[in-house]
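Contents: one structure, followed by commentary.
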Amino acid sequence: MRKILGLTLMVLMTFARINAQENPNPITTAAPFLLIAPDARAGGMGDVGVATSPDAYSQHWNASKFAFMDSQFMVGIVYTPWLRELTNDVFVGGFSFANKIDERSAWAASLKYFNLGEIELRQTGDPDEVPTIEKLNEFSADGSYALKLSETYSMGVTLRYIRSDLGIKSANSTINPVNTFAVDVSGYFESDEKQYGNFNGMWRGGFNVSNIGPKVSYTNDGRENFIPTNLKLGGGFDFILDRSNNVSINLEFNKLLVPTPSVSVNDNGEPPYRQEDVNFFSGIFKSFNDAPGGFSEELKEVTWGLGAEYMYDKAFALRAGYFNESDLKGARKYFTVGTGFKFKSSKIDISYLFNASDIKNPLENTLRFSLSFDFGRLY
């Protein structure tokens, strides 16, 4: 019952956030855990990662970056306590592995697990009754291949299996487990190092269209939901001050490639806006011009993040960032800070998130932890 109350509170807080906005119309999808930033490095930079330098967690952000990795092998392990403002047994965990095949190509695999904790069910109100324990979870497993098409540009493709099990079996729930597949297509640009006045510099850019896949249904009534097909687009610049000091600045934009939901009434109280029932492929293109508020609302569906990272001697890092989402589409606004340490082949990263909005955010005080290993450096 404790967990049920916690989840109920989370839902109520979500609606409270939405209702606090003027004419809100946020986009919802099935399996939203796929969009959770798993690693502490990106978590310390405002959840940006599509155009940052390659690391063990590039599978989530942009798999094409693996073609530029400077180690033979990369291994990453992540753990993030989630929604700690609401409950204490929800977390995101994951594992990733990448292997450089040759100078031009690499492959990688990863697993992300989203544990929604335990729910205690009792048939009566007797506190001495032995409860039935239900465990809800979601996970994805994927593999990718990245190939350099030139000395400065690579592309990657990822195949992902997704399972979302949110039904309470002992309560004869009508919510069925979801099993589906999705594909990512990504690209990454990394310029040669050049001199700019008193320092050297390097440009980076990247994109990732992730979770391209069919609609899914949790119930038997025929209603289907889009999975979170998403476009990431970003760029960055590395200020290489000397052999030991490097500062990188990164800017990233995200847009869900999912049609805007139907709304009951628009700003002028005119007849309701109804979204057509389209398949996932049509929905990708429709998502760019279907908002009832026109182009201005389409822009509000774009989130953005800004992140910075200072690296000393490739062994110590300080990070900071900011993430912004329109009040109309969810009102997530937060600052992040983080740090990282490297000892021989191992790295540990930690990040912290704090709310920057007047509206309470259940992600407040989120801590992320990441551990990674680089083996067989190539350069």
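Just so we're on the same page: first chain in the structure tokens is A, next is B, and so on; residues restart at 1 for each chain, and ligands are numbered from 1 in the order they show up.
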
Per DSSP on the backbone, filter region 117-236 of chain A down to the residues in strand (DSSP E or B) and report them as JSON, numbers by chain.
{"A": [117, 118, 119, 120, 121, 132, 133, 134, 135, 136, 137, 138, 139, 140, 141, 142, 143, 144, 145, 146, 147, 148, 153, 154, 155, 156, 157, 158, 159, 160, 161, 162, 163, 164, 165, 178, 179, 180, 181, 182, 183, 184, 185, 186, 187, 188, 189, 190, 194, 195, 196, 199, 200, 201, 202, 203, 204, 205, 206, 207, 208, 209, 210, 211, 212, 216, 225, 230, 231, 232, 233, 234, 235, 236]}

Phe288 (chain A) environment, 10 Å, only C-alpha atoms, sequence neighbours closer than 6 positions dropped, as a PyMOL selection string:
chain A and resi 255-260+294-295+298-299+301

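If you measure from each of A:Leu363, A:Leu149, A:Leu166, A:Ala141 to Asn115 (chain A) using only C-alpha atoms, the closest one turns out to be A:Leu166.
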
Need to verify the contact set: Arg104 (chain A), 12 Å, only C-alpha atoms, exclusion of same-chain residues closer than 4 positions in sequence. Can you return it as a VMD selection string?
chain A and resid 64 to 70 99 to 100 145 to 156

Please identify all polymer residues within 7 Å of Gly117 (chain A), counting only C-alpha atoms, omitting same-chain residues fewer than 2 positions from it, and present them as a VMD selection string.
chain A and resid 89 to 90 115 119 135 to 136

Prev. selection, C-alpha atoms, output as a PDB file, in the first residue's frame:
ATOM      1  CA  ASP A  89      12.836   1.986  -4.168  1.00  0.00           C
ATOM      2  CA  VAL A  90      12.688   3.194  -7.776  1.00  0.00           C
ATOM      3  CA  ASN A 115      12.793  -0.783 -11.582  1.00  0.00           C
ATOM      4  CA  ILE A 119       3.945  -2.863  -4.395  1.00  0.00           C
ATOM      5  CA  LYS A 135       7.350  -5.934  -8.858  1.00  0.00           C
ATOM      6  CA  LEU A 136       6.911  -3.659 -11.863  1.00  0.00           C
TER       7      LEU A 136
END

Spatial neighbours of Ser191 (chain A), 7 Å, only C-alpha atoms, chain gap at least 5 places, as a list in words
Thr152, Met202, Trp203 and Arg204 of chain A

I need the chosen residues saved as an mmCIF file, in the first residue's frame, with N, CA and C atoms.
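For reference, part07.cif as written:
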data_model
loop_
_atom_site.group_PDB
_atom_site.id
_atom_site.type_symbol
_atom_site.label_atom_id
_atom_site.label_comp_id
_atom_site.auth_asym_id
_atom_site.auth_seq_id
_atom_site.Cartn_x
_atom_site.Cartn_y
_atom_site.Cartn_z
ATOM 1 N N THR A 152 36.308 12.595 -40.536
ATOM 2 C CA THR A 152 35.654 13.475 -39.563
ATOM 3 C C THR A 152 34.182 13.160 -39.332
ATOM 4 N N MET A 202 38.454 22.313 -31.293
ATOM 5 C CA MET A 202 37.875 21.203 -32.061
ATOM 6 C C MET A 202 36.360 21.320 -32.032
ATOM 7 N N TRP A 203 35.728 21.229 -33.206
ATOM 8 C CA TRP A 203 34.276 21.276 -33.310
ATOM 9 C C TRP A 203 33.693 19.870 -33.284
ATOM 10 N N ARG A 204 32.505 19.751 -32.684
ATOM 11 C CA ARG A 204 31.781 18.481 -32.677
ATOM 12 C C ARG A 204 30.315 18.752 -33.016
#

Just the residues within 9 Å of region 336-339 of chain A, please, counting only C-alpha atoms, with nothing from its chain fewer than 2 positions along; format it as a PDB file with N, CA and C atoms, in the first residue's frame.
ATOM      1  N   ALA A  40      26.067   9.656 -15.383  1.00  0.00           N
ATOM      2  CA  ALA A  40      26.333  10.847 -14.575  1.00  0.00           C
ATOM      3  C   ALA A  40      27.131  11.900 -15.333  1.00  0.00           C
ATOM      4  N   ARG A  41      27.889  11.500 -16.354  1.00  0.00           N
ATOM      5  CA  ARG A  41      28.621  12.518 -17.110  1.00  0.00           C
ATOM      6  C   ARG A  41      27.648  13.456 -17.803  1.00  0.00           C
ATOM      7  N   ALA A  42      26.724  12.901 -18.600  1.00  0.00           N
ATOM      8  CA  ALA A  42      25.716  13.728 -19.251  1.00  0.00           C
ATOM      9  C   ALA A  42      24.793  14.369 -18.225  1.00  0.00           C
ATOM     10  N   GLY A  43      24.507  13.630 -17.132  1.00  0.00           N
ATOM     11  CA  GLY A  43      23.649  14.165 -16.088  1.00  0.00           C
ATOM     12  C   GLY A  43      24.212  15.397 -15.420  1.00  0.00           C
ATOM     13  N   GLY A  44      25.529  15.572 -15.441  1.00  0.00           N
ATOM     14  CA  GLY A  44      26.145  16.752 -14.871  1.00  0.00           C
ATOM     15  C   GLY A  44      26.201  17.923 -15.819  1.00  0.00           C
ATOM     16  N   MET A  45      25.842  17.691 -17.095  1.00  0.00           N
ATOM     17  CA  MET A  45      25.912  18.739 -18.115  1.00  0.00           C
ATOM     18  C   MET A  45      24.537  19.049 -18.699  1.00  0.00           C
ATOM     19  N   GLY A  46      23.502  19.024 -17.869  1.00  0.00           N
ATOM     20  CA  GLY A  46      22.180  19.375 -18.350  1.00  0.00           C
ATOM     21  C   GLY A  46      21.555  18.335 -19.249  1.00  0.00           C
ATOM     22  N   ASP A  47      21.947  17.074 -19.083  1.00  0.00           N
ATOM     23  CA  ASP A  47      21.421  15.975 -19.898  1.00  0.00           C
ATOM     24  C   ASP A  47      21.687  16.199 -21.381  1.00  0.00           C
ATOM     25  N   GLY A 307      25.477  22.554 -21.625  1.00  0.00           N
ATOM     26  CA  GLY A 307      26.395  21.932 -20.678  1.00  0.00           C
ATOM     27  C   GLY A 307      27.832  22.323 -20.917  1.00  0.00           C
ATOM     28  N   GLU A 309      32.033  21.309 -19.585  1.00  0.00           N
ATOM     29  CA  GLU A 309      32.895  20.351 -18.894  1.00  0.00           C
ATOM     30  C   GLU A 309      34.334  20.866 -18.915  1.00  0.00           C
ATOM     31  N   PHE A 316      40.621  14.549 -14.176  1.00  0.00           N
ATOM     32  CA  PHE A 316      39.678  15.172 -13.244  1.00  0.00           C
ATOM     33  C   PHE A 316      38.759  16.097 -14.026  1.00  0.00           C
ATOM     34  N   ALA A 317      37.451  16.018 -13.768  1.00  0.00           N
ATOM     35  CA  ALA A 317      36.478  16.807 -14.519  1.00  0.00           C
ATOM     36  C   ALA A 317      35.523  17.530 -13.581  1.00  0.00           C
ATOM     37  N   LEU A 318      35.144  18.739 -13.963  1.00  0.00           N
ATOM     38  CA  LEU A 318      34.073  19.494 -13.323  1.00  0.00           C
ATOM     39  C   LEU A 318      33.043  19.819 -14.394  1.00  0.00           C
ATOM     40  N   ARG A 319      31.747  19.680 -14.047  1.00  0.00           N
ATOM     41  CA  ARG A 319      30.697  19.843 -15.046  1.00  0.00           C
ATOM     42  C   ARG A 319      29.545  20.664 -14.482  1.00  0.00           C
ATOM     43  N   ALA A 320      28.844  21.336 -15.388  1.00  0.00           N
ATOM     44  CA  ALA A 320      27.648  22.089 -15.013  1.00  0.00           C
ATOM     45  C   ALA A 320      26.746  22.181 -16.227  1.00  0.00           C
ATOM     46  N   GLY A 321      25.438  22.338 -15.978  1.00  0.00           N
ATOM     47  CA  GLY A 321      24.519  22.425 -17.111  1.00  0.00           C
ATOM     48  C   GLY A 321      23.157  22.934 -16.708  1.00  0.00           C
ATOM     49  N   TYR A 322      22.337  23.149 -17.733  1.00  0.00           N
ATOM     50  CA  TYR A 322      20.965  23.621 -17.525  1.00  0.00           C
ATOM     51  C   TYR A 322      20.068  22.967 -18.560  1.00  0.00           C
ATOM     52  N   PHE A 323      18.880  22.548 -18.126  1.00  0.00           N
ATOM     53  CA  PHE A 323      17.896  21.932 -19.013  1.00  0.00           C
ATOM     54  C   PHE A 323      16.616  22.744 -18.952  1.00  0.00           C
ATOM     55  N   TYR A 334      15.837  22.690 -14.812  1.00  0.00           N
ATOM     56  CA  TYR A 334      16.737  22.356 -13.713  1.00  0.00           C
ATOM     57  C   TYR A 334      18.190  22.623 -14.074  1.00  0.00           C
ATOM     58  N   PHE A 341      36.370  11.453 -11.935  1.00  0.00           N
ATOM     59  CA  PHE A 341      37.746  11.129 -11.589  1.00  0.00           C
ATOM     60  C   PHE A 341      38.188   9.907 -12.395  1.00  0.00           C
ATOM     61  N   ILE A 348      35.071   7.249 -12.526  1.00  0.00           N
ATOM     62  CA  ILE A 348      33.834   7.349 -11.760  1.00  0.00           C
ATOM     63  C   ILE A 348      33.283   8.761 -11.924  1.00  0.00           C
ATOM     64  N   ASP A 349      31.971   8.840 -12.196  1.00  0.00           N
ATOM     65  CA  ASP A 349      31.299  10.124 -12.395  1.00  0.00           C
ATOM     66  C   ASP A 349      30.102  10.218 -11.468  1.00  0.00           C
ATOM     67  N   ILE A 350      29.871  11.424 -10.967  1.00  0.00           N
ATOM     68  CA  ILE A 350      28.755  11.699 -10.073  1.00  0.00           C
ATOM     69  C   ILE A 350      28.103  13.005 -10.529  1.00  0.00           C
ATOM     70  N   SER A 351      26.781  13.056 -10.495  1.00  0.00           N
ATOM     71  CA  SER A 351      26.090  14.304 -10.835  1.00  0.00           C
ATOM     72  C   SER A 351      24.925  14.527  -9.889  1.00  0.00           C
ATOM     73  N   TYR A 352      24.474  15.773  -9.823  1.00  0.00           N
ATOM     74  CA  TYR A 352      23.393  16.170  -8.927  1.00  0.00           C
ATOM     75  C   TYR A 352      22.475  17.137  -9.659  1.00  0.00           C
ATOM     76  N   LEU A 353      21.173  16.988  -9.470  1.00  0.00           N
ATOM     77  CA  LEU A 353      20.181  17.818 -10.146  1.00  0.00           C
ATOM     78  C   LEU A 353      19.388  18.600  -9.110  1.00  0.00           C
ATOM     79  N   PHE A 354      19.183  19.901  -9.368  1.00  0.00           N
ATOM     80  CA  PHE A 354      18.303  20.672  -8.492  1.00  0.00           C
ATOM     81  C   PHE A 354      17.375  21.549  -9.328  1.00  0.00           C
ATOM     82  N   ASN A 355      16.160  21.662  -8.847  1.00  0.00           N
ATOM     83  CA  ASN A 355      15.075  22.294  -9.579  1.00  0.00           C
ATOM     84  C   ASN A 355      15.330  23.784  -9.783  1.00  0.00           C
TER      85      ASN A 355
END

Residues near region 244-251 of chain A, cut-off 6 Å, only C-alpha atoms, skip fewer than 4 positions along chain, as a PyMOL selection string:
chain A and resi 234-240+305-313

Would you put the residues from that selection into a file with N, CA and C atoms, as a PDB file, in the first residue's frame?
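Final output, saved to part13.pdb:
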ATOM      1  N   GLY A 234      22.636  18.403 -31.809  1.00  0.00           N
ATOM      2  CA  GLY A 234      23.481  19.250 -30.973  1.00  0.00           C
ATOM      3  C   GLY A 234      24.851  19.493 -31.553  1.00  0.00           C
ATOM      4  N   GLY A 235      25.568  20.385 -30.909  1.00  0.00           N
ATOM      5  CA  GLY A 235      26.924  20.711 -31.313  1.00  0.00           C
ATOM      6  C   GLY A 235      27.732  21.200 -30.135  1.00  0.00           C
ATOM      7  N   GLY A 236      29.029  21.245 -30.315  1.00  0.00           N
ATOM      8  CA  GLY A 236      29.893  21.693 -29.231  1.00  0.00           C
ATOM      9  C   GLY A 236      31.256  22.095 -29.735  1.00  0.00           C
ATOM     10  N   PHE A 237      31.996  22.742 -28.849  1.00  0.00           N
ATOM     11  CA  PHE A 237      33.351  23.182 -29.180  1.00  0.00           C
ATOM     12  C   PHE A 237      34.257  22.905 -27.997  1.00  0.00           C
ATOM     13  N   ASP A 238      35.428  22.351 -28.271  1.00  0.00           N
ATOM     14  CA  ASP A 238      36.440  22.091 -27.250  1.00  0.00           C
ATOM     15  C   ASP A 238      37.496  23.184 -27.298  1.00  0.00           C
ATOM     16  N   PHE A 239      37.690  23.876 -26.176  1.00  0.00           N
ATOM     17  CA  PHE A 239      38.781  24.840 -26.033  1.00  0.00           C
ATOM     18  C   PHE A 239      39.974  24.078 -25.448  1.00  0.00           C
ATOM     19  N   ILE A 240      40.933  23.760 -26.268  1.00  0.00           N
ATOM     20  CA  ILE A 240      42.117  23.030 -25.817  1.00  0.00           C
ATOM     21  C   ILE A 240      43.169  24.062 -25.426  1.00  0.00           C
ATOM     22  N   GLY A 305      19.197  21.854 -23.840  1.00  0.00           N
ATOM     23  CA  GLY A 305      20.120  21.751 -22.721  1.00  0.00           C
ATOM     24  C   GLY A 305      21.457  22.366 -23.070  1.00  0.00           C
ATOM     25  N   LEU A 306      22.083  22.978 -22.099  1.00  0.00           N
ATOM     26  CA  LEU A 306      23.397  23.601 -22.269  1.00  0.00           C
ATOM     27  C   LEU A 306      24.328  23.036 -21.213  1.00  0.00           C
ATOM     28  N   GLY A 307      25.477  22.554 -21.625  1.00  0.00           N
ATOM     29  CA  GLY A 307      26.395  21.932 -20.678  1.00  0.00           C
ATOM     30  C   GLY A 307      27.832  22.323 -20.917  1.00  0.00           C
ATOM     31  N   ALA A 308      28.621  22.310 -19.844  1.00  0.00           N
ATOM     32  CA  ALA A 308      30.045  22.626 -19.921  1.00  0.00           C
ATOM     33  C   ALA A 308      30.825  21.601 -19.110  1.00  0.00           C
ATOM     34  N   GLU A 309      32.033  21.309 -19.585  1.00  0.00           N
ATOM     35  CA  GLU A 309      32.895  20.351 -18.894  1.00  0.00           C
ATOM     36  C   GLU A 309      34.334  20.866 -18.915  1.00  0.00           C
ATOM     37  N   TYR A 310      34.925  20.922 -17.737  1.00  0.00           N
ATOM     38  CA  TYR A 310      36.352  21.245 -17.625  1.00  0.00           C
ATOM     39  C   TYR A 310      37.109  19.963 -17.286  1.00  0.00           C
ATOM     40  N   MET A 311      38.138  19.684 -18.065  1.00  0.00           N
ATOM     41  CA  MET A 311      38.917  18.465 -17.869  1.00  0.00           C
ATOM     42  C   MET A 311      40.381  18.830 -17.623  1.00  0.00           C
ATOM     43  N   TYR A 312      40.925  18.300 -16.538  1.00  0.00           N
ATOM     44  CA  TYR A 312      42.332  18.517 -16.230  1.00  0.00           C
ATOM     45  C   TYR A 312      43.109  17.216 -16.405  1.00  0.00           C
ATOM     46  N   ASP A 313      44.064  17.240 -17.301  1.00  0.00           N
ATOM     47  CA  ASP A 313      44.981  16.123 -17.508  1.00  0.00           C
ATOM     48  C   ASP A 313      44.239  14.808 -17.794  1.00  0.00           C
TER      49      ASP A 313
END

Out of A:Ser164, A:Ser144, A:Ser326, A:Ser186, which residue has the shortest atom-to-atom distance to Leu116 (chain A) when counting only C-alpha atoms?
A:Ser164

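Nearest to Asp165 (chain A) of all the residues A:Phe375, A:Tyr113, A:Phe97, A:Phe281 is A:Tyr113, based on only C-alpha atoms.
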
If you run DSSP on this backbone, which residues of region 209-310 of chain A come out as alpha helix (DSSP H), and could you give them as a PDB file with C-alpha atoms, in the first residue's frame?
ATOM      1  CA  PHE A 280       4.209   5.647 -36.220  1.00  0.00           C
ATOM      2  CA  PHE A 281       5.882   6.483 -39.538  1.00  0.00           C
ATOM      3  CA  SER A 282       3.295   9.085 -40.502  1.00  0.00           C
ATOM      4  CA  GLY A 283       3.376  10.347 -36.936  1.00  0.00           C
ATOM      5  CA  ILE A 284       7.082  11.227 -37.243  1.00  0.00           C
ATOM      6  CA  PHE A 285       6.412  13.690 -40.080  1.00  0.00           C
ATOM      7  CA  LYS A 286       3.107  14.880 -38.666  1.00  0.00           C
ATOM      8  CA  PHE A 295       4.390  27.082 -35.204  1.00  0.00           C
ATOM      9  CA  SER A 296       4.765  28.801 -31.836  1.00  0.00           C
ATOM     10  CA  GLU A 297       3.493  25.677 -30.066  1.00  0.00           C
ATOM     11  CA  GLU A 298       5.753  23.464 -32.184  1.00  0.00           C
ATOM     12  CA  LEU A 299       8.715  25.452 -30.857  1.00  0.00           C
ATOM     13  CA  LYS A 300       7.480  24.859 -27.313  1.00  0.00           C
TER      14      LYS A 300
END

Atom pair CA of Asp192 (chain A) / CA of Gly376 (chain A): separation (Å)
22.8 Å

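Ranking A:Glu252, A:Glu224, A:Asp327, A:Asp290 by their shortest atom-to-atom distance to Trp304 (chain A), with only C-alpha atoms included, puts A:Glu252 first.
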